[in-house]
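J.: Just so it is clear, I am handing over query-v9.txt, which has compact mmCIF, C-alpha atoms and all ligand atoms.
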```
# COMPACT_ATOMS: atom_id res chain seq x y z
CA MET A 167 25.26 19.93 10.25
CA SER A 168 23.48 22.25 7.82
CA THR A 169 20.04 23.54 8.71
CA LEU A 170 17.12 21.92 6.91
CA ALA A 171 13.60 23.17 6.32
CA ALA A 172 10.64 21.11 5.13
CA VAL A 173 6.88 21.43 4.80
CA MET A 174 5.67 18.59 7.02
CA THR A 175 1.94 18.78 6.23
CA GLY A 176 -0.29 19.21 3.20
CA LYS A 177 -0.82 22.76 1.98
CA GLY A 178 -4.25 24.23 1.32
CA THR A 179 -6.36 27.30 1.86
CA GLY A 180 -8.15 26.94 5.19
CA ALA A 181 -5.54 24.48 6.49
CA ILE A 182 -2.62 24.99 8.83
CA SER A 183 0.82 24.08 7.49
CA THR A 184 3.77 23.07 9.60
CA ILE A 185 7.23 24.01 8.45
CA GLN A 186 10.00 22.29 10.38
CA VAL A 187 13.39 23.98 10.72
CA PHE A 188 16.14 21.77 12.05
CA GLY A 189 19.89 22.25 12.38
CA ASP A 190 22.75 24.22 13.96
CA THR A 191 21.61 27.59 12.70
CA ALA A 192 17.87 26.95 13.14
CA GLU A 193 17.53 29.24 16.18
CA ALA A 194 19.48 32.05 14.50
CA ILE A 195 17.27 31.81 11.40
CA ILE A 196 14.06 31.80 13.49
CA LYS A 197 15.31 34.82 15.50
CA GLU A 198 15.90 36.66 12.24
CA VAL A 199 12.41 36.09 10.79
CA PHE A 200 10.13 35.86 13.84
CA LYS A 201 8.68 38.84 15.71
CA PRO A 202 6.73 37.89 18.86
CA VAL A 203 3.51 39.71 19.81
CA GLY A 204 4.03 42.30 22.55
CA SER A 205 7.14 44.23 23.35
CA LYS A 206 9.18 41.47 25.01
CA ALA A 207 11.93 39.69 23.15
CA ALA A 208 11.11 36.02 22.45
CA GLU A 209 12.72 33.29 24.52
CA PHE A 210 13.12 30.13 22.51
CA THR A 211 13.07 27.72 25.44
CA THR A 212 12.36 24.08 24.58
CA GLY A 213 8.72 23.26 25.17
CA LYS A 214 7.42 26.80 24.59
CA ILE A 215 4.89 27.86 21.97
CA LEU A 216 5.24 31.46 20.82
CA LEU A 217 2.74 33.63 18.94
CA GLY A 218 3.99 36.24 16.50
CA THR A 219 4.63 37.00 12.85
CA ILE A 220 7.08 35.86 10.20
CA ASN A 221 8.65 38.89 8.56
CA ASP A 222 10.78 39.42 5.51
CA GLY A 223 12.47 42.70 6.40
CA SER A 224 9.65 45.17 6.98
CA ASP A 225 7.07 42.95 5.23
CA THR A 226 4.87 40.70 7.34
CA ILE A 227 4.24 37.36 5.63
CA ASP A 228 1.90 35.66 8.12
CA GLN A 229 0.84 35.37 11.72
CA VAL A 230 2.17 32.10 13.12
CA THR A 231 2.87 30.08 16.22
CA ILE A 232 6.29 28.58 16.71
CA GLY A 233 6.81 25.37 18.64
CA CYS A 234 10.24 25.19 20.26
CA GLU A 235 10.81 21.44 20.06
CA GLY A 236 14.50 21.39 20.93
CA PRO A 237 17.57 23.64 20.81
CA ASN A 238 17.95 22.97 17.06
CA SER A 239 14.38 22.20 16.14
CA PHE A 240 11.44 24.55 15.55
CA ALA A 241 7.99 24.01 14.05
CA ILE A 242 6.44 27.04 12.35
CA HIS A 243 2.65 26.63 12.20
CA CYS A 244 1.45 29.05 9.52
CA HIS A 245 -1.68 29.40 7.40
CA GLY A 246 -1.83 26.68 4.77
CA ASN A 247 -2.32 28.95 1.75
CA PRO A 248 0.32 27.56 -0.65
CA LEU A 249 1.50 31.12 -1.48
CA ILE A 250 2.23 31.89 2.18
CA VAL A 251 4.01 28.55 2.65
CA GLU A 252 6.07 29.20 -0.48
CA MET A 253 7.08 32.72 0.69
CA ILE A 254 8.22 31.43 4.09
CA MET A 255 10.17 28.57 2.50
CA GLN A 256 11.92 30.97 0.11
CA LEU A 257 12.79 33.27 3.02
CA LEU A 258 14.26 30.37 5.02
CA GLN A 259 16.27 29.31 1.98
CA ARG A 260 17.68 32.84 1.55
CA LEU A 261 18.82 32.68 5.18
CA GLY A 262 20.76 29.49 4.52
CA ALA A 263 18.32 26.63 5.18
CA GLU A 264 18.42 23.75 2.75
CA LEU A 265 14.91 22.89 1.54
CA VAL A 266 14.20 19.16 1.78
CA THR A 267 11.20 16.83 1.81
CA ALA A 268 9.36 15.98 5.04
CA GLU A 269 10.79 12.47 4.90
CA GLN A 270 14.38 13.66 4.50
CA LEU A 271 14.02 15.99 7.44
CA LEU A 272 12.43 13.35 9.62
CA ALA A 273 15.21 10.89 8.76
CA LYS A 274 17.78 13.50 9.77
CA THR A 275 16.11 14.31 13.09
CA LEU A 276 15.68 10.63 13.95
CA THR A 277 19.28 9.78 13.07
CA ALA A 278 20.48 12.76 15.12
CA GLN A 279 18.82 11.23 18.20
CA GLY A 280 21.60 8.63 18.00
CA ASP A 281 19.79 5.96 20.04
CA LEU A 282 17.76 4.46 17.19
CA ASP A 283 18.99 1.67 14.91
CA THR A 284 18.34 1.87 11.16
CA ILE A 285 15.30 -0.43 11.29
CA ALA A 286 13.72 1.82 13.95
CA VAL A 287 14.42 4.96 11.88
CA GLU A 288 12.91 3.28 8.80
CA ALA A 289 9.89 2.24 10.88
CA ARG A 290 9.23 5.81 12.02
CA LEU A 291 9.40 6.95 8.38
CA ALA A 292 7.25 4.10 7.07
CA GLN A 293 4.53 4.78 9.65
CA ILE A 294 3.62 7.97 7.79
CA LYS A 295 2.87 6.05 4.60
CA ALA A 296 0.93 3.07 5.99
CA LYS A 297 -2.56 2.83 4.50
CA THR A 298 -4.36 1.17 7.42
CA ILE A 299 -4.36 1.41 11.22
CA GLN A 300 -3.22 -2.21 11.39
CA GLY A 301 -0.39 -1.37 8.98
CA THR A 302 0.72 1.46 11.26
CA LYS A 303 0.61 -0.92 14.22
CA ILE A 304 2.70 -3.57 12.44
CA ILE A 305 5.38 -0.99 11.69
CA ALA A 306 5.24 0.56 15.16
CA ASN A 307 5.87 -2.93 16.57
CA GLN A 308 9.12 -3.16 14.61
CA ILE A 309 10.70 -0.24 16.52
CA ASP A 310 11.32 -1.81 19.93
CA GLY A 311 10.18 -5.35 19.16
CA GLY A 312 9.53 -7.28 15.96
CA PHE A 313 12.20 -7.28 13.31
CA GLY A 314 14.58 -4.87 15.09
CA LYS A 315 14.51 -7.05 18.21
CA LYS A 316 15.00 -10.22 16.17
CA ALA A 317 18.08 -8.78 14.41
CA LYS A 318 19.58 -7.74 17.75
CA GLU A 319 18.88 -11.20 19.20
CA TRP A 320 20.72 -12.82 16.28
CA LEU A 321 23.80 -10.73 17.06
CA GLU A 322 23.60 -11.20 20.84
CA ASN A 323 23.27 -14.98 20.51
CA ILE A 324 25.58 -15.40 17.55
CA LYS A 325 27.84 -17.84 19.41
CA THR A 326 25.05 -20.24 20.34
CA ILE A 327 22.61 -19.85 17.44
CA SER A 328 23.19 -22.00 14.35
CA LEU A 329 23.42 -20.57 10.83
CA ASP A 330 20.49 -22.83 9.89
CA GLU A 331 18.30 -21.18 12.51
CA ILE A 332 19.14 -17.69 11.18
CA VAL A 333 18.43 -18.79 7.59
CA THR A 334 15.09 -20.37 8.61
CA ASP A 335 14.14 -17.21 10.52
CA ALA A 336 15.03 -15.06 7.50
CA GLU A 337 12.90 -17.24 5.21
CA SER A 338 9.95 -17.07 7.55
CA ILE A 339 10.20 -13.27 7.99
CA LEU A 340 10.33 -12.82 4.19
CA LYS A 341 7.20 -14.95 3.80
CA ILE A 342 5.23 -13.20 6.54
CA SER A 343 6.34 -9.83 5.14
CA GLN A 344 4.52 -10.55 1.86
CA MET A 345 1.26 -10.69 3.81
CA ALA A 346 2.18 -7.71 5.96
CA LYS A 347 2.85 -5.73 2.77
CA LEU A 348 -0.78 -6.18 1.72
CA ILE A 349 -1.91 -4.74 5.07
CA ILE A 350 0.64 -1.91 5.12
CA SER A 351 0.50 -0.77 1.49
CA GLY A 352 -2.94 -1.96 0.43
CA CYS A 353 -3.98 -4.72 -1.89
CA LYS A 354 -5.14 -4.69 -5.54
CA VAL A 355 -8.05 -6.97 -6.37
CA ALA A 356 -8.99 -7.41 -10.04
CA ILE A 357 -12.56 -8.44 -10.91
CA VAL A 358 -12.63 -10.32 -14.21
CA GLY A 359 -14.94 -12.67 -16.06
CA PRO A 360 -17.32 -12.98 -18.99
CA PRO A 361 -19.69 -10.14 -19.93
CA ASN A 362 -22.85 -9.80 -17.85
CA SER A 363 -21.65 -12.12 -15.07
CA GLY A 364 -22.13 -9.39 -12.43
CA LYS A 365 -18.62 -7.94 -12.04
CA SER A 366 -19.78 -4.33 -11.74
CA THR A 367 -22.61 -5.36 -9.40
CA LEU A 368 -19.98 -7.03 -7.19
CA LEU A 369 -17.75 -3.94 -7.20
CA ASN A 370 -20.71 -1.79 -6.13
CA CYS A 371 -21.69 -4.31 -3.47
CA LEU A 372 -18.19 -4.48 -1.93
CA ALA A 373 -17.62 -0.73 -2.21
CA GLY A 374 -21.02 -0.02 -0.66
CA ARG A 375 -21.97 2.49 -3.37
CA GLN A 376 -22.97 2.65 -7.03
CA LYS A 377 -19.52 3.27 -8.53
CA ALA A 378 -19.85 1.23 -11.74
CA ILE A 379 -22.73 1.20 -14.22
CA VAL A 380 -24.80 -2.00 -14.16
CA THR A 381 -27.14 -3.02 -17.01
CA GLU A 382 -28.39 -6.28 -18.46
CA ILE A 383 -26.55 -5.45 -21.71
CA LYS A 384 -23.34 -7.42 -22.39
CA GLY A 385 -20.28 -5.20 -22.68
CA THR A 386 -21.55 -2.42 -20.38
CA THR A 387 -18.20 -1.84 -18.70
CA ARG A 388 -15.64 -0.71 -21.21
CA ASP A 389 -12.98 1.23 -19.36
CA TRP A 390 -11.89 -0.18 -16.00
CA VAL A 391 -13.45 1.29 -12.86
CA SER A 392 -11.87 1.27 -9.42
CA ALA A 393 -13.19 1.71 -5.88
CA ARG A 394 -11.72 1.35 -2.40
CA CYS A 395 -13.04 -0.78 0.39
CA GLN A 396 -11.83 -2.23 3.66
CA ILE A 397 -11.79 -6.00 4.07
CA GLY A 398 -10.67 -6.84 7.60
CA PRO A 399 -7.19 -5.35 7.94
CA LEU A 400 -6.83 -4.93 4.16
CA SER A 401 -7.24 -1.61 2.40
CA VAL A 402 -8.43 -2.95 -0.96
CA GLU A 403 -8.42 -1.27 -4.35
CA LEU A 404 -11.08 -3.10 -6.37
CA ILE A 405 -10.72 -2.92 -10.13
CA ASP A 406 -13.71 -3.81 -12.28
CA THR A 407 -12.84 -4.71 -15.86
CA ALA A 408 -14.63 -5.13 -19.17
CA GLY A 409 -16.26 -8.54 -19.65
CA LEU A 410 -13.90 -10.84 -21.50
CA ASP A 411 -15.37 -12.07 -24.75
CA GLU A 412 -13.70 -13.07 -27.97
CA LYS A 413 -16.69 -11.89 -29.99
CA LEU A 414 -16.49 -8.43 -28.46
CA LEU A 415 -12.75 -8.40 -29.13
CA THR A 416 -13.10 -9.20 -32.78
CA ARG A 417 -16.25 -7.13 -33.40
CA THR A 418 -15.35 -4.91 -36.32
CA GLY A 419 -15.40 -1.17 -36.13
CA ASP A 420 -15.66 -0.90 -32.35
CA SER A 421 -12.18 0.23 -31.41
CA ILE A 422 -13.18 1.26 -27.84
CA GLN A 423 -14.44 -2.26 -27.17
CA LYS A 424 -11.25 -3.73 -28.64
CA THR A 425 -9.09 -1.58 -26.36
CA ALA A 426 -11.32 -2.41 -23.37
CA GLN A 427 -10.85 -6.11 -24.09
CA LYS A 428 -7.07 -5.81 -23.90
CA LYS A 429 -6.92 -3.86 -20.64
CA PRO A 430 -7.85 -6.72 -18.21
CA ALA A 431 -4.62 -8.56 -19.11
CA GLU A 432 -2.54 -5.59 -17.88
CA ILE A 433 -4.65 -5.23 -14.74
CA LEU A 434 -4.29 -8.94 -13.98
CA GLU A 435 -0.50 -8.71 -14.18
CA ASP A 436 -0.56 -6.14 -11.42
CA ALA A 437 -3.21 -7.66 -9.15
CA ASP A 438 -2.51 -9.27 -5.77
CA LEU A 439 -5.75 -11.21 -6.01
CA VAL A 440 -8.10 -12.04 -8.89
CA LEU A 441 -11.84 -12.54 -8.48
CA LEU A 442 -13.10 -14.54 -11.45
CA VAL A 443 -16.84 -13.84 -11.59
CA LEU A 444 -18.92 -16.45 -13.44
CA ASP A 445 -22.68 -16.47 -13.95
CA ASP A 446 -24.08 -19.49 -12.10
CA SER A 447 -27.38 -19.17 -13.99
CA GLN A 448 -25.62 -19.80 -17.30
CA THR A 449 -23.84 -22.87 -18.66
CA ALA A 450 -20.07 -23.19 -19.03
CA ASP A 451 -20.36 -21.85 -22.61
CA GLN A 452 -19.74 -18.43 -21.06
CA LEU A 453 -16.05 -19.40 -20.71
CA ASP A 454 -14.02 -18.63 -23.76
CA ASP A 455 -10.86 -20.74 -23.98
CA ARG A 456 -9.07 -18.63 -26.48
CA LEU A 457 -9.80 -15.47 -24.58
CA PHE A 458 -8.59 -16.73 -21.22
CA GLU A 459 -5.43 -17.97 -22.87
CA LYS A 460 -4.66 -14.36 -23.71
CA ILE A 461 -4.30 -13.60 -20.02
CA PRO A 462 -0.66 -14.22 -19.29
CA GLY A 463 0.29 -16.28 -16.31
CA LYS A 464 -2.76 -15.91 -14.12
CA LEU A 465 -5.82 -17.69 -15.46
CA VAL A 466 -5.95 -20.11 -18.30
CA PRO A 467 -9.04 -22.25 -17.92
CA SER A 468 -9.36 -24.80 -20.64
CA THR A 469 -13.00 -25.88 -20.79
CA SER A 470 -13.20 -27.99 -23.95
CA SER A 471 -9.88 -29.78 -23.92
CA GLY A 472 -9.95 -30.31 -20.15
CA GLN A 473 -6.22 -29.84 -20.09
CA ALA A 474 -4.66 -28.57 -16.87
CA LEU A 475 -4.24 -24.92 -16.19
CA SER A 476 -0.89 -23.39 -16.81
CA GLU A 477 0.69 -22.18 -13.63
CA ILE A 478 -1.30 -19.63 -11.67
CA GLU A 479 1.12 -17.05 -10.41
CA GLY A 480 -1.39 -14.92 -8.63
CA LYS A 481 -4.17 -15.81 -6.28
CA VAL A 482 -7.51 -16.56 -7.90
CA LEU A 483 -10.89 -16.97 -6.28
CA THR A 484 -13.74 -18.21 -8.46
CA LEU A 485 -17.14 -16.69 -7.71
CA LEU A 486 -20.36 -18.29 -8.88
CA ASN A 487 -22.63 -15.27 -8.99
CA LYS A 488 -26.43 -15.00 -9.27
CA SER A 489 -26.91 -17.79 -6.73
CA ASP A 490 -30.46 -16.48 -6.29
CA LEU A 491 -31.32 -17.95 -9.74
CA PRO A 492 -31.47 -21.67 -10.66
CA ALA A 493 -27.88 -22.98 -11.06
CA LYS A 494 -26.78 -24.13 -14.50
CA PHE A 495 -23.01 -23.85 -14.30
CA ASP A 496 -21.24 -27.19 -14.05
CA THR A 497 -18.24 -26.64 -11.77
CA ALA A 498 -16.67 -29.85 -13.11
CA MET A 499 -15.84 -27.74 -16.16
CA LEU A 500 -13.43 -25.75 -14.05
CA PRO A 501 -9.88 -26.98 -13.69
CA ASP A 502 -8.70 -27.93 -10.19
CA THR A 503 -6.62 -24.78 -9.91
CA LEU A 504 -9.80 -22.73 -10.05
CA GLY A 505 -11.46 -24.93 -7.46
CA ASN A 506 -11.45 -22.27 -4.78
CA ILE A 507 -15.12 -21.45 -5.28
CA VAL A 508 -17.54 -19.18 -3.42
CA GLN A 509 -21.23 -18.83 -4.27
CA ILE A 510 -22.63 -15.32 -4.08
CA SER A 511 -25.46 -13.14 -5.21
CA ALA A 512 -23.87 -9.73 -5.73
CA LYS A 513 -27.28 -8.23 -6.44
CA PHE A 514 -28.75 -9.31 -3.10
CA GLY A 515 -25.54 -9.31 -1.05
CA THR A 516 -25.75 -13.03 -0.24
CA GLY A 517 -22.51 -14.90 0.47
CA ILE A 518 -20.48 -11.67 0.67
CA GLU A 519 -19.35 -12.30 4.25
CA ASN A 520 -18.12 -15.71 3.19
CA LEU A 521 -16.31 -14.07 0.27
CA THR A 522 -14.53 -11.46 2.39
CA GLU A 523 -13.52 -14.20 4.85
CA LYS A 524 -12.02 -16.20 1.95
CA ILE A 525 -10.17 -13.11 0.68
CA ARG A 526 -8.60 -12.61 4.11
CA GLU A 527 -7.69 -16.30 4.22
CA ILE A 528 -6.10 -16.31 0.75
CA CYS A 529 -4.12 -13.16 1.49
CA GLY A 530 -2.91 -14.78 4.73
CA VAL A 531 -4.22 -11.95 6.90
CA ALA A 532 -7.13 -13.73 8.64
CA ASP A 533 -5.33 -14.13 11.98
CA PHE A 534 -2.33 -11.96 11.32
CA ASP A 535 -0.27 -11.34 14.47
CA LEU A 536 0.63 -7.64 14.35
CA GLN A 537 3.55 -8.20 16.75
CA GLN A 538 5.56 -10.60 14.61
CA PRO A 539 8.80 -9.55 12.91
CA VAL A 540 8.35 -8.26 9.36
CA CYS A 541 10.56 -6.39 6.94
CA PHE A 542 8.97 -3.34 5.37
CA THR A 543 11.52 -1.62 3.10
CA SER A 544 13.26 -2.87 -0.05
CA ARG A 545 16.63 -2.37 1.71
CA GLN A 546 15.60 -4.77 4.48
CA GLU A 547 14.10 -7.20 1.99
CA ASN A 548 17.30 -7.32 -0.10
CA LEU A 549 19.47 -7.88 3.00
CA LEU A 550 17.13 -10.63 4.24
CA LYS A 551 17.35 -12.33 0.84
CA GLN A 552 21.15 -12.22 1.12
CA LEU A 553 20.92 -13.61 4.66
CA LYS A 554 18.78 -16.47 3.40
CA LYS A 555 21.55 -17.50 1.02
CA THR A 556 24.51 -16.92 3.30
CA LYS A 557 26.96 -19.80 3.79
CA SER A 558 28.96 -18.55 6.77
CA LYS A 559 28.26 -17.03 10.17
CA GLN A 560 30.81 -14.31 9.50
CA GLN A 561 28.89 -13.22 6.42
CA ALA A 562 25.62 -13.42 8.38
CA VAL A 563 27.01 -11.11 11.09
CA SER A 564 28.05 -8.58 8.47
CA ILE A 565 24.56 -8.61 6.86
CA ILE A 566 22.76 -8.31 10.22
CA THR A 567 25.05 -5.47 11.24
CA ASP A 568 24.18 -3.74 7.96
CA LEU A 569 20.50 -4.25 8.71
CA LEU A 570 20.82 -2.43 12.02
CA ASN A 571 23.42 0.22 11.18
CA SER A 572 23.62 1.21 7.55
N1 LIG B 1 -30.38 -12.23 -10.35
C1 LIG B 1 -29.19 -11.64 -10.27
N2 LIG B 1 -28.82 -10.75 -11.19
C2 LIG B 1 -27.59 -10.19 -11.08
C3 LIG B 1 -26.70 -10.49 -10.02
N3 LIG B 1 -25.57 -9.77 -10.20
C4 LIG B 1 -25.74 -9.05 -11.32
N4 LIG B 1 -26.95 -9.29 -11.84
C5 LIG B 1 -27.54 -8.69 -13.05
O1 LIG B 1 -26.76 -9.08 -14.17
C6 LIG B 1 -26.71 -8.03 -15.13
C7 LIG B 1 -25.27 -7.69 -15.45
O2 LIG B 1 -24.67 -7.16 -14.30
P1 LIG B 1 -23.32 -6.31 -14.38
O3 LIG B 1 -22.85 -6.09 -12.99
O4 LIG B 1 -23.49 -5.10 -15.25
O5 LIG B 1 -22.41 -7.36 -15.12
P2 LIG B 1 -20.89 -7.16 -15.66
O6 LIG B 1 -20.21 -8.46 -15.45
O7 LIG B 1 -20.28 -5.97 -15.05
O8 LIG B 1 -21.16 -6.94 -17.20
P3 LIG B 1 -20.18 -6.26 -18.30
O9 LIG B 1 -19.75 -4.94 -17.79
O10 LIG B 1 -21.06 -6.17 -19.49
O11 LIG B 1 -19.05 -7.21 -18.53
C8 LIG B 1 -27.50 -6.86 -14.52
O12 LIG B 1 -28.81 -6.89 -15.02
C9 LIG B 1 -27.48 -7.17 -13.03
O13 LIG B 1 -28.57 -6.63 -12.33
C10 LIG B 1 -27.14 -11.43 -9.04
O14 LIG B 1 -26.47 -11.76 -8.08
N5 LIG B 1 -28.40 -11.97 -9.22
MG MG B 2 -19.53 -4.26 -15.88
```
Please go through the file and, once you have read it, give me the structure as structure tokens.
Ligand SMILES: Nc1nc2c(ncn2[C@@H]2O[C@H](COP(=O)(O)OP(=O)(O)OP(=O)(O)O)[C@@H](O)[C@H]2O)c(=O)[nH]1
Ligand SMILES: [Mg+2]
T.:
Amino acid sequence: MSTLAAVMTGKGTGAISTIQVFGDTAEAIIKEVFKPVGSKAAEFTTGKILLGTINDGSDTIDQVTIGCEGPNSFAIHCHGNPLIVEMIMQLLQRLGAELVTAEQLLAKTLTAQGDLDTIAVEARLAQIKAKTIQGTKIIANQIDGGFGKKAKEWLENIKTISLDEIVTDAESILKISQMAKLIISGCKVAIVGPPNSGKSTLLNCLAGRQKAIVTEIKGTTRDWVSARCQIGPLSVELIDTAGLDEKLLTRTGDSIQKTAQKKPAEILEDADLVLLVLDDSQTADQLDDRLFEKIPGKLVPSTSSGQALSEIEGKVLTLLNKSDLPAKFDTAMLPDTLGNIVQISAKFGTGIENLTEKIREICGVADFDLQQPVCFTSRQENLLKQLKKTKSKQQAVSIITDLLNS
């Protein structure tokens, strides 16, 4: 096995960086570059932390501590100045270490432990990237329990379990994993609607700060604005968009406004959830048929013709904003598919708790059991999709074996 070196932490002046060296020649390389404080020779016994310097010949690069994590594994804790980190990495490379990413090195060390199946190794790696504490917990639960356990149970009980049961399990895990993905990787929520309906006010209200400009003038938001907030277990990226209005789109000479009017369609394509903000103090005239029809796939309300919505691919929640003012909006003008309605006043924060509850419900994370089996890499997802379609137990065994040992 060649020796690998990777920067495991972020670099930065004032920070401490950890460089991991792992492999057969790791100790020899460390002995070559490390000079301990004092006159005694260093003993690289597992569990020890040594203080000294990293030297390139007679030049001292940095004072460091070295953690002896195993016979082949050492952690150099040096100053985070990117120049120092770079010099140490170059030195290690000259002495034969292959420079890799933190993830590659971690994968290698985990695989070398030999007692972990592939799902467990992937879980350890995925934990680093999870965006929320709950996401980290879901993945941690897949190491000894969850998905890894389920796959092992399939194999252990292969003689008694029916193919139908495996297929049903696979379907259910794939479905639950869609929700888990929103918790693990975060969720994109697009805020769309007519001009002046209170989209930017809502973004500010949910984000808890004045991120977007709010005025009483139609067409205030031109470029999209984003802000992060936490809704239950969801790490949400809110995206406020320009108010959708055919008149603004066709207004001559205003090319910024024209571009701003086209952007929401792209944002909608990408969103996990759409909040359609309507002004409850205005009549349904605020809806513009032709404009909504421009939004592919997601929302196509047809107010005048009353014809049904085309299929909604994403999840849409309709918000009747400005509930503090007398209501004029006739909800009968909305097609059934937009019937998931919440009344709010973004300006005064009324109904926001109800809204966040609805968001958690729609995303399927309201009572999410963090212990249940979920898949969390595209490799696992692809194999589960194959398992769902499998027609023979023999084929199922081969796919499950791949899941655990590829
Ligand atoms: N009374 C009341 N006024 C509100 C509420 N929400 C927003 N407003 C007001 O409505 C006006 C427009 O608000 P914005 O948040 O800028 O609306 P927008 O949808 O982002 O507008 P555009 O960016 O132009 O599309 C401002 O004067 C807000 O103060 C509300 O809940 N109640
Ligand atoms: Mg706005």
J.: Have a look at CA of Gln448 in chain A and CA of Asn520 in chain A and let me know their distance in Å, one decimal.
T.: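 It comes out at 22.2 Å.
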J.: Give me the residues near Pro492 in chain A as a PyMOL selection string, where near means some atom within 12 Å (using all atoms listed in the file) and where sequence neighbours in that chain fewer than 6 positions away do not count.
T.: chain A and resi 445-449+486+511
J.: What does the distance from CA of Arg394 in chain A to atom O3 of ligand LIG 1 (chain B) come to in Å, to one decimal?
T.: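 Pair CA of Arg394 in chain A / atom O3 of ligand LIG 1 (chain B) returns 17.1 Å.
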J.: Could you work out how far CA of Ala172 in chain A lies from CA of Ile294 in chain A, giving the answer in Å with one decimal?
T.: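 A separation of 15.1 Å between them.
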J.: May I have a table of the residues of chain A lying at most 9 Å from ligand LIG 1 (chain B), giving each one's closest pair of atoms and their distance in Å to one decimal, counting only C-alpha atoms and all ligand atoms, ordered by chain and ascending residue number, as a tab-separated table?
T.:
```
residue	atom	partner	partner_atom	distance
A:Ile357	CA	B:LIG1	O6	8.9
A:Val358	CA	B:LIG1	O6	7.9
A:Gly359	CA	B:LIG1	O6	6.8
A:Pro360	CA	B:LIG1	O11	6.0
A:Pro361	CA	B:LIG1	O11	3.3
A:Asn362	CA	B:LIG1	O8	3.4
A:Ser363	CA	B:LIG1	O6	4.0
A:Gly364	CA	B:LIG1	O5	3.4
A:Lys365	CA	B:LIG1	O6	3.8
A:Ser366	CA	B:LIG1	O7	3.7
A:Thr367	CA	B:LIG1	O3	3.7
A:Leu368	CA	B:LIG1	O3	6.5
A:Leu369	CA	B:LIG1	O3	8.0
A:Asn370	CA	B:LIG1	O3	8.4
A:Ala378	CA	B:LIG1	O7	7.9
A:Ile379	CA	B:LIG1	O4	6.4
A:Val380	CA	B:LIG1	O4	3.5
A:Thr381	CA	B:LIG1	O4	4.6
A:Glu382	CA	B:LIG1	O12	3.5
A:Ile383	CA	B:LIG1	O10	6.0
A:Lys384	CA	B:LIG1	O10	3.9
A:Gly385	CA	B:LIG1	O10	3.4
A:Thr386	CA	B:LIG1	O10	3.9
A:Thr387	CA	B:LIG1	O9	3.6
A:Arg388	CA	B:LIG1	O9	6.8
A:Asp406	CA	B:LIG1	O7	7.5
A:Thr407	CA	B:LIG1	O9	7.2
A:Ala408	CA	B:LIG1	O11	4.9
A:Gly409	CA	B:LIG1	O11	3.3
A:Leu410	CA	B:LIG1	O11	7.0
A:Asp411	CA	B:LIG1	O11	8.7
A:Val443	CA	B:LIG1	O6	7.4
A:Leu444	CA	B:LIG1	O6	8.3
A:Asp445	CA	B:LIG1	N3	8.2
A:Ser447	CA	B:LIG1	N1	8.4
A:Leu486	CA	B:LIG1	O14	9.0
A:Asn487	CA	B:LIG1	O14	5.3
A:Lys488	CA	B:LIG1	O14	3.5
A:Ser489	CA	B:LIG1	O14	6.2
A:Asp490	CA	B:LIG1	N5	5.8
A:Leu491	CA	B:LIG1	N1	5.8
A:Ile510	CA	B:LIG1	O14	6.6
A:Ser511	CA	B:LIG1	O14	3.3
A:Ala512	CA	B:LIG1	O14	4.1
A:Lys513	CA	B:LIG1	O14	4.0
A:Phe514	CA	B:LIG1	O14	6.0
A:Gly515	CA	B:LIG1	O14	7.5
A:Thr516	CA	B:LIG1	O14	8.0
```
J.: Just checking: using all atoms listed in the file, which residue out of A:Asn323, A:Trp390, A:Glu264, A:Thr184 ends up closest to ligand MG 2 (chain B)?
T.: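 For ligand MG 2 (chain B), the nearest of the given residues is A:Trp390.
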J.: Tell me which of A:Ala450, A:Leu485, A:Ile405, A:Val173 sits closest to ligand MG 2 (chain B), counting all atoms listed in the file.
T.: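 Under the stated criterion, the closest residue is A:Ile405.
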J.: Using all atoms listed in the file, determine which residues lie at most 9 Å from Glu235 in chain A, disregarding the query and same-chain residues fewer than 5 positions distant; provide the list as a ChimeraX atom specification.
T.: /A:211-215,240-241
J.: Using all atoms listed in the file, which of the listed residues (A:Lys377, A:Arg260, A:Lys303, A:Lys316) sits closest to ligand MG 2 (chain B)?
T.: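 The closest residue to ligand MG 2 (chain B) is A:Lys377.
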J.: Could you check which residues have any atom within 7 Å of (14.7, -7.1, 13.9), counting all atoms listed in the file with coordinates taken straight from the file, and then list them as a PDB file with C-alpha atoms, in the coordinates of the input?
T.:
```
ATOM      1  CA  GLN A 308       9.120  -3.160  14.610  1.00  0.00           C
ATOM      2  CA  GLY A 312       9.530  -7.280  15.960  1.00  0.00           C
ATOM      3  CA  PHE A 313      12.200  -7.280  13.310  1.00  0.00           C
ATOM      4  CA  GLY A 314      14.580  -4.870  15.090  1.00  0.00           C
ATOM      5  CA  LYS A 315      14.510  -7.050  18.210  1.00  0.00           C
ATOM      6  CA  LYS A 316      15.000 -10.220  16.170  1.00  0.00           C
ATOM      7  CA  ALA A 317      18.080  -8.780  14.410  1.00  0.00           C
ATOM      8  CA  LYS A 318      19.580  -7.740  17.750  1.00  0.00           C
ATOM      9  CA  PRO A 539       8.800  -9.550  12.910  1.00  0.00           C
TER      10      PRO A 539
END
```
J.: Go through A:Gln538, A:Ser168, A:Gln376, A:Thr497 one by one, measure the shortest atom-to-atom distance of each to Gly311 in chain A using all atoms listed in the file, and give the residue with the smallest value.
T.: A:Gln538
J.: Looking at all atoms listed in the file, which of A:Glu547, A:Ser564, A:Val540, A:Ser572 is the one that sits closest to Ile339 in chain A?
T.: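 Closest residue, counting all atoms listed in the file: A:Val540.
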J.: Tell me, as a list in words, which residues lie within 8 Å of Ile349 in chain A, counting only C-alpha atoms; anything in the same chain fewer than 4 positions away does not count.
T.: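 Surrounding residues, per the criterion: Lys297, Thr298, Gln300, Gly301, Met345, Cys353, Pro399, Leu400, Ser401 and Val531 of chain A.
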